file entry.pdb (PDB, N, CA and C atoms and all ligand atoms)
ATOM      1  N   MET A   1     -15.702  -0.319   9.518  1.00  0.00           N
ATOM      2  CA  MET A   1     -14.517   0.189   8.814  1.00  0.00           C
ATOM      3  C   MET A   1     -14.950   1.219   7.768  1.00  0.00           C
ATOM      4  N   ALA A   2     -14.233   2.266   7.680  1.00  0.00           N
ATOM      5  CA  ALA A   2     -14.566   3.316   6.723  1.00  0.00           C
ATOM      6  C   ALA A   2     -14.361   2.812   5.299  1.00  0.00           C
ATOM      7  N   GLU A   3     -15.157   3.335   4.424  1.00  0.00           N
ATOM      8  CA  GLU A   3     -15.041   2.922   3.035  1.00  0.00           C
ATOM      9  C   GLU A   3     -13.708   3.369   2.451  1.00  0.00           C
ATOM     10  N   GLY A   4     -13.110   2.494   1.695  1.00  0.00           N
ATOM     11  CA  GLY A   4     -11.842   2.839   1.085  1.00  0.00           C
ATOM     12  C   GLY A   4     -10.635   2.537   1.949  1.00  0.00           C
ATOM     13  N   LEU A   5     -10.918   2.020   3.155  1.00  0.00           N
ATOM     14  CA  LEU A   5      -9.811   1.700   4.045  1.00  0.00           C
ATOM     15  C   LEU A   5      -9.500   0.214   3.945  1.00  0.00           C
ATOM     16  N   LYS A   6      -8.225  -0.081   3.805  1.00  0.00           N
ATOM     17  CA  LYS A   6      -7.813  -1.473   3.677  1.00  0.00           C
ATOM     18  C   LYS A   6      -7.074  -1.904   4.930  1.00  0.00           C
ATOM     19  N   TRP A   7      -7.298  -3.159   5.266  1.00  0.00           N
ATOM     20  CA  TRP A   7      -6.552  -3.745   6.374  1.00  0.00           C
ATOM     21  C   TRP A   7      -5.622  -4.796   5.821  1.00  0.00           C
ATOM     22  N   MET A   8      -4.441  -4.867   6.372  1.00  0.00           N
ATOM     23  CA  MET A   8      -3.576  -5.991   6.057  1.00  0.00           C
ATOM     24  C   MET A   8      -2.550  -6.167   7.151  1.00  0.00           C
ATOM     25  N   GLN A   9      -1.947  -7.328   7.159  1.00  0.00           N
ATOM     26  CA  GLN A   9      -0.868  -7.567   8.099  1.00  0.00           C
ATOM     27  C   GLN A   9       0.434  -7.216   7.411  1.00  0.00           C
ATOM     28  N   CYS A  10       1.184  -6.370   8.068  1.00  0.00           N
ATOM     29  CA  CYS A  10       2.456  -5.959   7.496  1.00  0.00           C
ATOM     30  C   CYS A  10       3.378  -7.167   7.376  1.00  0.00           C
ATOM     31  N   PRO A  11       3.868  -7.447   6.164  1.00  0.00           N
ATOM     32  CA  PRO A  11       4.755  -8.600   5.992  1.00  0.00           C
ATOM     33  C   PRO A  11       6.131  -8.409   6.614  1.00  0.00           C
ATOM     34  N   VAL A  12       6.441  -7.193   7.002  1.00  0.00           N
ATOM     35  CA  VAL A  12       7.755  -6.928   7.593  1.00  0.00           C
ATOM     36  C   VAL A  12       7.712  -7.117   9.106  1.00  0.00           C
ATOM     37  N   CYS A  13       6.828  -6.382   9.777  1.00  0.00           N
ATOM     38  CA  CYS A  13       6.818  -6.413  11.241  1.00  0.00           C
ATOM     39  C   CYS A  13       5.598  -7.139  11.809  1.00  0.00           C
ATOM     40  N   LYS A  14       4.735  -7.660  10.945  1.00  0.00           N
ATOM     41  CA  LYS A  14       3.579  -8.480  11.337  1.00  0.00           C
ATOM     42  C   LYS A  14       2.515  -7.717  12.108  1.00  0.00           C
ATOM     43  N   GLU A  15       2.574  -6.418  12.082  1.00  0.00           N
ATOM     44  CA  GLU A  15       1.541  -5.628  12.738  1.00  0.00           C
ATOM     45  C   GLU A  15       0.386  -5.381  11.775  1.00  0.00           C
ATOM     46  N   SER A  16      -0.775  -5.119  12.347  1.00  0.00           N
ATOM     47  CA  SER A  16      -1.925  -4.766  11.518  1.00  0.00           C
ATOM     48  C   SER A  16      -1.796  -3.326  11.058  1.00  0.00           C
ATOM     49  N   ILE A  17      -2.018  -3.121   9.787  1.00  0.00           N
ATOM     50  CA  ILE A  17      -1.976  -1.743   9.303  1.00  0.00           C
ATOM     51  C   ILE A  17      -3.234  -1.444   8.506  1.00  0.00           C
ATOM     52  N   TYR A  18      -3.666  -0.212   8.626  1.00  0.00           N
ATOM     53  CA  TYR A  18      -4.794   0.280   7.853  1.00  0.00           C
ATOM     54  C   TYR A  18      -4.267   1.355   6.925  1.00  0.00           C
ATOM     55  N   TRP A  19      -4.714   1.316   5.727  1.00  0.00           N
ATOM     56  CA  TRP A  19      -4.268   2.331   4.768  1.00  0.00           C
ATOM     57  C   TRP A  19      -5.420   2.662   3.839  1.00  0.00           C
ATOM     58  N   GLU A  20      -5.381   3.864   3.378  1.00  0.00           N
ATOM     59  CA  GLU A  20      -6.484   4.368   2.580  1.00  0.00           C
ATOM     60  C   GLU A  20      -6.207   4.187   1.096  1.00  0.00           C
ATOM     61  N   VAL A  21      -7.197   3.701   0.399  1.00  0.00           N
ATOM     62  CA  VAL A  21      -7.071   3.535  -1.051  1.00  0.00           C
ATOM     63  C   VAL A  21      -7.141   4.911  -1.706  1.00  0.00           C
ATOM     64  N   PRO A  22      -6.154   5.253  -2.498  1.00  0.00           N
ATOM     65  CA  PRO A  22      -6.159   6.576  -3.167  1.00  0.00           C
ATOM     66  C   PRO A  22      -7.116   6.592  -4.351  1.00  0.00           C
ATOM     67  N   LYS A  23      -8.407   6.716  -4.050  1.00  0.00           N
ATOM     68  CA  LYS A  23      -9.444   6.558  -5.075  1.00  0.00           C
ATOM     69  C   LYS A  23      -9.309   7.546  -6.225  1.00  0.00           C
ATOM     70  N   ASP A  24      -8.983   8.786  -5.893  1.00  0.00           N
ATOM     71  CA  ASP A  24      -8.853   9.788  -6.952  1.00  0.00           C
ATOM     72  C   ASP A  24      -7.731   9.424  -7.912  1.00  0.00           C
ATOM     73  N   GLU A  25      -6.652   8.899  -7.334  1.00  0.00           N
ATOM     74  CA  GLU A  25      -5.534   8.487  -8.178  1.00  0.00           C
ATOM     75  C   GLU A  25      -5.923   7.295  -9.050  1.00  0.00           C
ATOM     76  N   LEU A  26      -6.691   6.393  -8.464  1.00  0.00           N
ATOM     77  CA  LEU A  26      -7.055   5.177  -9.196  1.00  0.00           C
ATOM     78  C   LEU A  26      -7.992   5.469 -10.367  1.00  0.00           C
ATOM     79  N   LYS A  27      -8.710   6.591 -10.286  1.00  0.00           N
ATOM     80  CA  LYS A  27      -9.601   6.953 -11.388  1.00  0.00           C
ATOM     81  C   LYS A  27      -8.825   7.234 -12.666  1.00  0.00           C
ATOM     82  N   LYS A  28      -7.584   7.670 -12.494  1.00  0.00           N
ATOM     83  CA  LYS A  28      -6.783   8.014 -13.669  1.00  0.00           C
ATOM     84  C   LYS A  28      -6.060   6.796 -14.229  1.00  0.00           C
ATOM     85  N   VAL A  29      -6.081   5.714 -13.462  1.00  0.00           N
ATOM     86  CA  VAL A  29      -5.314   4.542 -13.863  1.00  0.00           C
ATOM     87  C   VAL A  29      -6.067   3.748 -14.919  1.00  0.00           C
ATOM     88  N   LYS A  30      -5.339   3.375 -15.954  1.00  0.00           N
ATOM     89  CA  LYS A  30      -5.984   2.640 -17.035  1.00  0.00           C
ATOM     90  C   LYS A  30      -5.623   1.167 -17.027  1.00  0.00           C
ATOM     91  N   ARG A  31      -4.538   0.853 -16.387  1.00  0.00           N
ATOM     92  CA  ARG A  31      -4.115  -0.545 -16.374  1.00  0.00           C
ATOM     93  C   ARG A  31      -4.020  -1.055 -14.944  1.00  0.00           C
ATOM     94  N   PHE A  32      -4.554  -2.236 -14.734  1.00  0.00           N
ATOM     95  CA  PHE A  32      -4.502  -2.861 -13.415  1.00  0.00           C
ATOM     96  C   PHE A  32      -3.807  -4.206 -13.516  1.00  0.00           C
ATOM     97  N   PRO A  33      -3.253  -4.712 -12.431  1.00  0.00           N
ATOM     98  CA  PRO A  33      -3.189  -4.102 -11.113  1.00  0.00           C
ATOM     99  C   PRO A  33      -2.236  -2.917 -11.064  1.00  0.00           C
ATOM    100  N   VAL A  34      -2.533  -2.002 -10.159  1.00  0.00           N
ATOM    101  CA  VAL A  34      -1.722  -0.809 -10.015  1.00  0.00           C
ATOM    102  C   VAL A  34      -0.994  -0.859  -8.673  1.00  0.00           C
ATOM    103  N   PRO A  35       0.301  -0.543  -8.664  1.00  0.00           N
ATOM    104  CA  PRO A  35       1.027  -0.549  -7.400  1.00  0.00           C
ATOM    105  C   PRO A  35       0.775   0.716  -6.584  1.00  0.00           C
ATOM    106  N   VAL A  36       0.477   0.525  -5.309  1.00  0.00           N
ATOM    107  CA  VAL A  36       0.301   1.646  -4.393  1.00  0.00           C
ATOM    108  C   VAL A  36       1.335   1.488  -3.277  1.00  0.00           C
ATOM    109  N   VAL A  37       2.135   2.513  -3.085  1.00  0.00           N
ATOM    110  CA  VAL A  37       3.167   2.438  -2.058  1.00  0.00           C
ATOM    111  C   VAL A  37       2.578   2.862  -0.716  1.00  0.00           C
ATOM    112  N   VAL A  38       2.712   1.996   0.257  1.00  0.00           N
ATOM    113  CA  VAL A  38       2.225   2.272   1.603  1.00  0.00           C
ATOM    114  C   VAL A  38       3.426   2.342   2.532  1.00  0.00           C
ATOM    115  N   LYS A  39       3.532   3.467   3.231  1.00  0.00           N
ATOM    116  CA  LYS A  39       4.635   3.613   4.178  1.00  0.00           C
ATOM    117  C   LYS A  39       4.180   3.103   5.530  1.00  0.00           C
ATOM    118  N   HIS A  40       5.002   2.258   6.137  1.00  0.00           N
ATOM    119  CA  HIS A  40       4.717   1.777   7.481  1.00  0.00           C
ATOM    120  C   HIS A  40       5.996   1.859   8.284  1.00  0.00           C
ATOM    121  N   LYS A  41       5.968   2.743   9.281  1.00  0.00           N
ATOM    122  CA  LYS A  41       7.160   2.964  10.107  1.00  0.00           C
ATOM    123  C   LYS A  41       8.363   3.261   9.208  1.00  0.00           C
ATOM    124  N   ASP A  42       9.383   2.399   9.273  1.00  0.00           N
ATOM    125  CA  ASP A  42      10.588   2.698   8.497  1.00  0.00           C
ATOM    126  C   ASP A  42      10.677   1.855   7.234  1.00  0.00           C
ATOM    127  N   HIS A  43       9.578   1.242   6.870  1.00  0.00           N
ATOM    128  CA  HIS A  43       9.636   0.431   5.658  1.00  0.00           C
ATOM    129  C   HIS A  43       8.444   0.755   4.752  1.00  0.00           C
ATOM    130  N   TYR A  44       8.568   0.332   3.530  1.00  0.00           N
ATOM    131  CA  TYR A  44       7.542   0.606   2.529  1.00  0.00           C
ATOM    132  C   TYR A  44       7.016  -0.713   1.974  1.00  0.00           C
ATOM    133  N   LEU A  45       5.724  -0.697   1.720  1.00  0.00           N
ATOM    134  CA  LEU A  45       5.098  -1.865   1.113  1.00  0.00           C
ATOM    135  C   LEU A  45       4.490  -1.438  -0.208  1.00  0.00           C
ATOM    136  N   ILE A  46       4.501  -2.321  -1.153  1.00  0.00           N
ATOM    137  CA  ILE A  46       3.852  -2.042  -2.428  1.00  0.00           C
ATOM    138  C   ILE A  46       2.643  -2.950  -2.535  1.00  0.00           C
ATOM    139  N   CYS A  47       1.470  -2.345  -2.546  1.00  0.00           N
ATOM    140  CA  CYS A  47       0.215  -3.092  -2.604  1.00  0.00           C
ATOM    141  C   CYS A  47      -0.353  -2.949  -4.004  1.00  0.00           C
ATOM    142  N   TYR A  48      -0.618  -4.055  -4.625  1.00  0.00           N
ATOM    143  CA  TYR A  48      -1.179  -4.028  -5.967  1.00  0.00           C
ATOM    144  C   TYR A  48      -2.697  -4.147  -5.881  1.00  0.00           C
ATOM    145  N   LEU A  49      -3.378  -3.179  -6.454  1.00  0.00           N
ATOM    146  CA  LEU A  49      -4.836  -3.181  -6.448  1.00  0.00           C
ATOM    147  C   LEU A  49      -5.361  -3.505  -7.839  1.00  0.00           C
ATOM    148  N   ASP A  50      -6.405  -4.331  -7.875  1.00  0.00           N
ATOM    149  CA  ASP A  50      -7.032  -4.610  -9.168  1.00  0.00           C
ATOM    150  C   ASP A  50      -8.112  -3.559  -9.461  1.00  0.00           C
ATOM    151  N   SER A  51      -8.807  -3.755 -10.562  1.00  0.00           N
ATOM    152  CA  SER A  51      -9.749  -2.722 -11.007  1.00  0.00           C
ATOM    153  C   SER A  51     -10.941  -2.579 -10.064  1.00  0.00           C
ATOM    154  N   HIS A  52     -11.152  -3.540  -9.183  1.00  0.00           N
ATOM    155  CA  HIS A  52     -12.217  -3.431  -8.183  1.00  0.00           C
ATOM    156  C   HIS A  52     -11.675  -2.918  -6.851  1.00  0.00           C
ATOM    157  N   HIS A  53     -10.451  -2.436  -6.883  1.00  0.00           N
ATOM    158  CA  HIS A  53      -9.776  -1.907  -5.696  1.00  0.00           C
ATOM    159  C   HIS A  53      -9.559  -2.989  -4.647  1.00  0.00           C
ATOM    160  N   GLN A  54      -9.471  -4.213  -5.099  1.00  0.00           N
ATOM    161  CA  GLN A  54      -9.154  -5.301  -4.182  1.00  0.00           C
ATOM    162  C   GLN A  54      -7.645  -5.536  -4.201  1.00  0.00           C
ATOM    163  N   LEU A  55      -7.167  -5.981  -3.066  1.00  0.00           N
ATOM    164  CA  LEU A  55      -5.744  -6.222  -2.938  1.00  0.00           C
ATOM    165  C   LEU A  55      -5.368  -7.490  -3.704  1.00  0.00           C
ATOM    166  N   ALA A  56      -4.568  -7.320  -4.729  1.00  0.00           N
ATOM    167  CA  ALA A  56      -4.190  -8.458  -5.561  1.00  0.00           C
ATOM    168  C   ALA A  56      -2.883  -9.076  -5.091  1.00  0.00           C
ATOM    169  N   ASP A  57      -1.972  -8.241  -4.621  1.00  0.00           N
ATOM    170  CA  ASP A  57      -0.659  -8.743  -4.232  1.00  0.00           C
ATOM    171  C   ASP A  57       0.025  -7.705  -3.362  1.00  0.00           C
ATOM    172  N   THR A  58       0.973  -8.159  -2.580  1.00  0.00           N
ATOM    173  CA  THR A  58       1.734  -7.249  -1.728  1.00  0.00           C
ATOM    174  C   THR A  58       3.217  -7.568  -1.843  1.00  0.00           C
ATOM    175  N   GLU A  59       3.993  -6.531  -1.918  1.00  0.00           N
ATOM    176  CA  GLU A  59       5.440  -6.704  -1.963  1.00  0.00           C
ATOM    177  C   GLU A  59       6.072  -5.826  -0.910  1.00  0.00           C
ATOM    178  N   VAL A  60       7.226  -6.241  -0.448  1.00  0.00           N
ATOM    179  CA  VAL A  60       7.982  -5.406   0.463  1.00  0.00           C
ATOM    180  C   VAL A  60       9.007  -4.628  -0.352  1.00  0.00           C
ATOM    181  N   ALA A  61       8.992  -3.324  -0.174  1.00  0.00           N
ATOM    182  CA  ALA A  61       9.968  -2.494  -0.867  1.00  0.00           C
ATOM    183  C   ALA A  61      11.190  -2.360   0.025  1.00  0.00           C
ATOM    184  N   ILE A  62      12.257  -2.920  -0.444  1.00  0.00           N
ATOM    185  CA  ILE A  62      13.453  -2.974   0.399  1.00  0.00           C
ATOM    186  C   ILE A  62      14.433  -1.867   0.043  1.00  0.00           C
ATOM    187  N   VAL A  63      14.439  -1.506  -1.215  1.00  0.00           N
ATOM    188  CA  VAL A  63      15.477  -0.610  -1.711  1.00  0.00           C
ATOM    189  C   VAL A  63      15.301   0.820  -1.194  1.00  0.00           C
ATOM    190  N   GLY A  64      16.356   1.354  -0.663  1.00  0.00           N
ATOM    191  CA  GLY A  64      16.414   2.779  -0.374  1.00  0.00           C
ATOM    192  C   GLY A  64      15.510   3.282   0.727  1.00  0.00           C
ATOM    193  N   VAL A  65      15.213   2.473   1.732  1.00  0.00           N
ATOM    194  CA  VAL A  65      14.357   2.957   2.799  1.00  0.00           C
ATOM    195  C   VAL A  65      15.151   3.337   4.034  1.00  0.00           C
ATOM    196  N   GLU A  66      16.345   2.825   4.151  1.00  0.00           N
ATOM    197  CA  GLU A  66      17.102   3.088   5.373  1.00  0.00           C
ATOM    198  C   GLU A  66      17.506   4.550   5.477  1.00  0.00           C
ATOM    199  N   GLY A  67      17.357   5.064   6.645  1.00  0.00           N
ATOM    200  CA  GLY A  67      17.789   6.424   6.912  1.00  0.00           C
ATOM    201  C   GLY A  67      16.827   7.478   6.436  1.00  0.00           C
ATOM    202  N   LYS A  68      15.684   7.085   5.943  1.00  0.00           N
ATOM    203  CA  LYS A  68      14.720   8.047   5.474  1.00  0.00           C
ATOM    204  C   LYS A  68      13.922   8.577   6.673  1.00  0.00           C
ATOM    205  N   SER A  69      13.789   9.845   6.754  1.00  0.00           N
ATOM    206  CA  SER A  69      13.114  10.421   7.912  1.00  0.00           C
ATOM    207  C   SER A  69      11.719  10.915   7.563  1.00  0.00           C
ATOM    208  N   GLU A  70      10.894  10.976   8.559  1.00  0.00           N
ATOM    209  CA  GLU A  70       9.541  11.511   8.368  1.00  0.00           C
ATOM    210  C   GLU A  70       9.592  12.994   8.132  1.00  0.00           C
ATOM    211  N   LYS A  71       8.671  13.475   7.335  1.00  0.00           N
ATOM    212  CA  LYS A  71       8.596  14.912   7.121  1.00  0.00           C
ATOM    213  C   LYS A  71       7.967  15.570   8.340  1.00  0.00           C
TER
HETATM  214 ZN    ZN A 101       5.465  -2.836   9.201  1.00  0.00          ZN
END
call {"tool": "encode", "arguments": {"input": "entry.pdb", "output": "C-alpha cells", "more": "lines below"}}
Ligand SMILES: [Zn+2]
result
Amino acid sequence: MAEGLKWMQCPVCKESIYWEVPKDELKKVKRFPVPVVVKHKDHYLICYLDSHHQLADTEVAIVGVEGKSEK
C-alpha cells in the first residue's frame, strides 16, 4: 500500500475504499483530531485523523449530498 493511503470500509455501502491523507493540509493543522471529508460515490464521509494521521473516528455526512454531481 502506498504511503499516506488509508483503507476503510464505507459505513454507507460497505465497500472498501482507499483515500489519500492530505498530508500538506495536515501540516497546517494545529488541533487534532481533524475532520477530513472523503467523497465516495454519492455520499460523503468525515474521517477524523489524530496527530499521527491515524483514523480516530468516522462519521457519515448525510446533509446536503443528494443531487450533487461530479465535476
Ligand atoms: Zn460508500
call {"tool": "select_by_dssp", "arguments": {"input": "entry.pdb", "residues": "chain A", "states": "helix (DSSP H, G or I)", "output": "list in words"}}
result
Lys23, Asp24, Glu25, Leu26 and Lys27 of chain A
call {"tool": "write_last_selection", "arguments": {"input": "entry.pdb", "atoms": "N, CA and C atoms", "output": "mmCIF file, in the coordinates of the input"}}
result
data_model
loop_
_atom_site.group_PDB
_atom_site.id
_atom_site.type_symbol
_atom_site.label_atom_id
_atom_site.label_comp_id
_atom_site.auth_asym_id
_atom_site.auth_seq_id
_atom_site.Cartn_x
_atom_site.Cartn_y
_atom_site.Cartn_z
ATOM 1 N N LYS A 23 -8.407 6.716 -4.050
ATOM 2 C CA LYS A 23 -9.444 6.558 -5.075
ATOM 3 C C LYS A 23 -9.309 7.546 -6.225
ATOM 4 N N ASP A 24 -8.983 8.786 -5.893
ATOM 5 C CA ASP A 24 -8.853 9.788 -6.952
ATOM 6 C C ASP A 24 -7.731 9.424 -7.912
ATOM 7 N N GLU A 25 -6.652 8.899 -7.334
ATOM 8 C CA GLU A 25 -5.534 8.487 -8.178
ATOM 9 C C GLU A 25 -5.923 7.295 -9.050
ATOM 10 N N LEU A 26 -6.691 6.393 -8.464
ATOM 11 C CA LEU A 26 -7.055 5.177 -9.196
ATOM 12 C C LEU A 26 -7.992 5.469 -10.367
ATOM 13 N N LYS A 27 -8.710 6.591 -10.286
ATOM 14 C CA LYS A 27 -9.601 6.953 -11.388
ATOM 15 C C LYS A 27 -8.825 7.234 -12.666
#
call {"tool": "residues_around", "arguments": {"input": "entry.pdb", "residues": "Lys6 in chain A", "least_positions_apart": "4", "cutoff": "7 Å", "atoms": "all atoms listed in the file", "output": "PyMOL selection string"}}
result
chain A and resi 2+17-21
call {"tool": "select_by_dssp", "arguments": {"input": "entry.pdb", "residues": "chain A", "states": "strand (DSSP E)", "output": "PyMOL selection string"}}
result
chain A and resi 5-9+16-20+34-40+43-49+55-61
call {"tool": "atom_distance", "arguments": {"input": "entry.pdb", "atom1": "CA of Glu25 in chain A", "atom2": "CA of Glu59 in chain A"}}
result
19.7 Å
call {"tool": "residues_near_ligand", "arguments": {"input": "entry.pdb", "ligand": "ligand ZN 101 (chain A)", "cutoff": "5 Å", "atoms": "only N, CA and C atoms and all ligand atoms", "output": "PyMOL selection string"}}
result
chain A and resi 10+12-13+40
call {"tool": "closest_residue", "arguments": {"input": "entry.pdb", "among": "A:Val60, A:Pro22, A:Lys30, A:Ser16", "to": "Leu45 in chain A", "atoms": "all atoms listed in the file"}}
result
A:Val60
call {"tool": "residues_around", "arguments": {"input": "entry.pdb", "residues": "Pro35 in chain A", "least_positions_apart": "3", "cutoff": "7 Å", "atoms": "all atoms listed in the file", "output": "number ranges by chain"}}
result
A: 46-49
call {"tool": "atom_distance", "arguments": {"input": "entry.pdb", "atom1": "CA of Asp50 in chain A", "atom2": "CA of Phe32 in chain A"}}
result
5.2 Å
call {"tool": "atom_distance", "arguments": {"input": "entry.pdb", "atom1": "CA of Asp42 in chain A", "atom2": "atom C of Lys27 in chain A"}}
result
29.1 Å
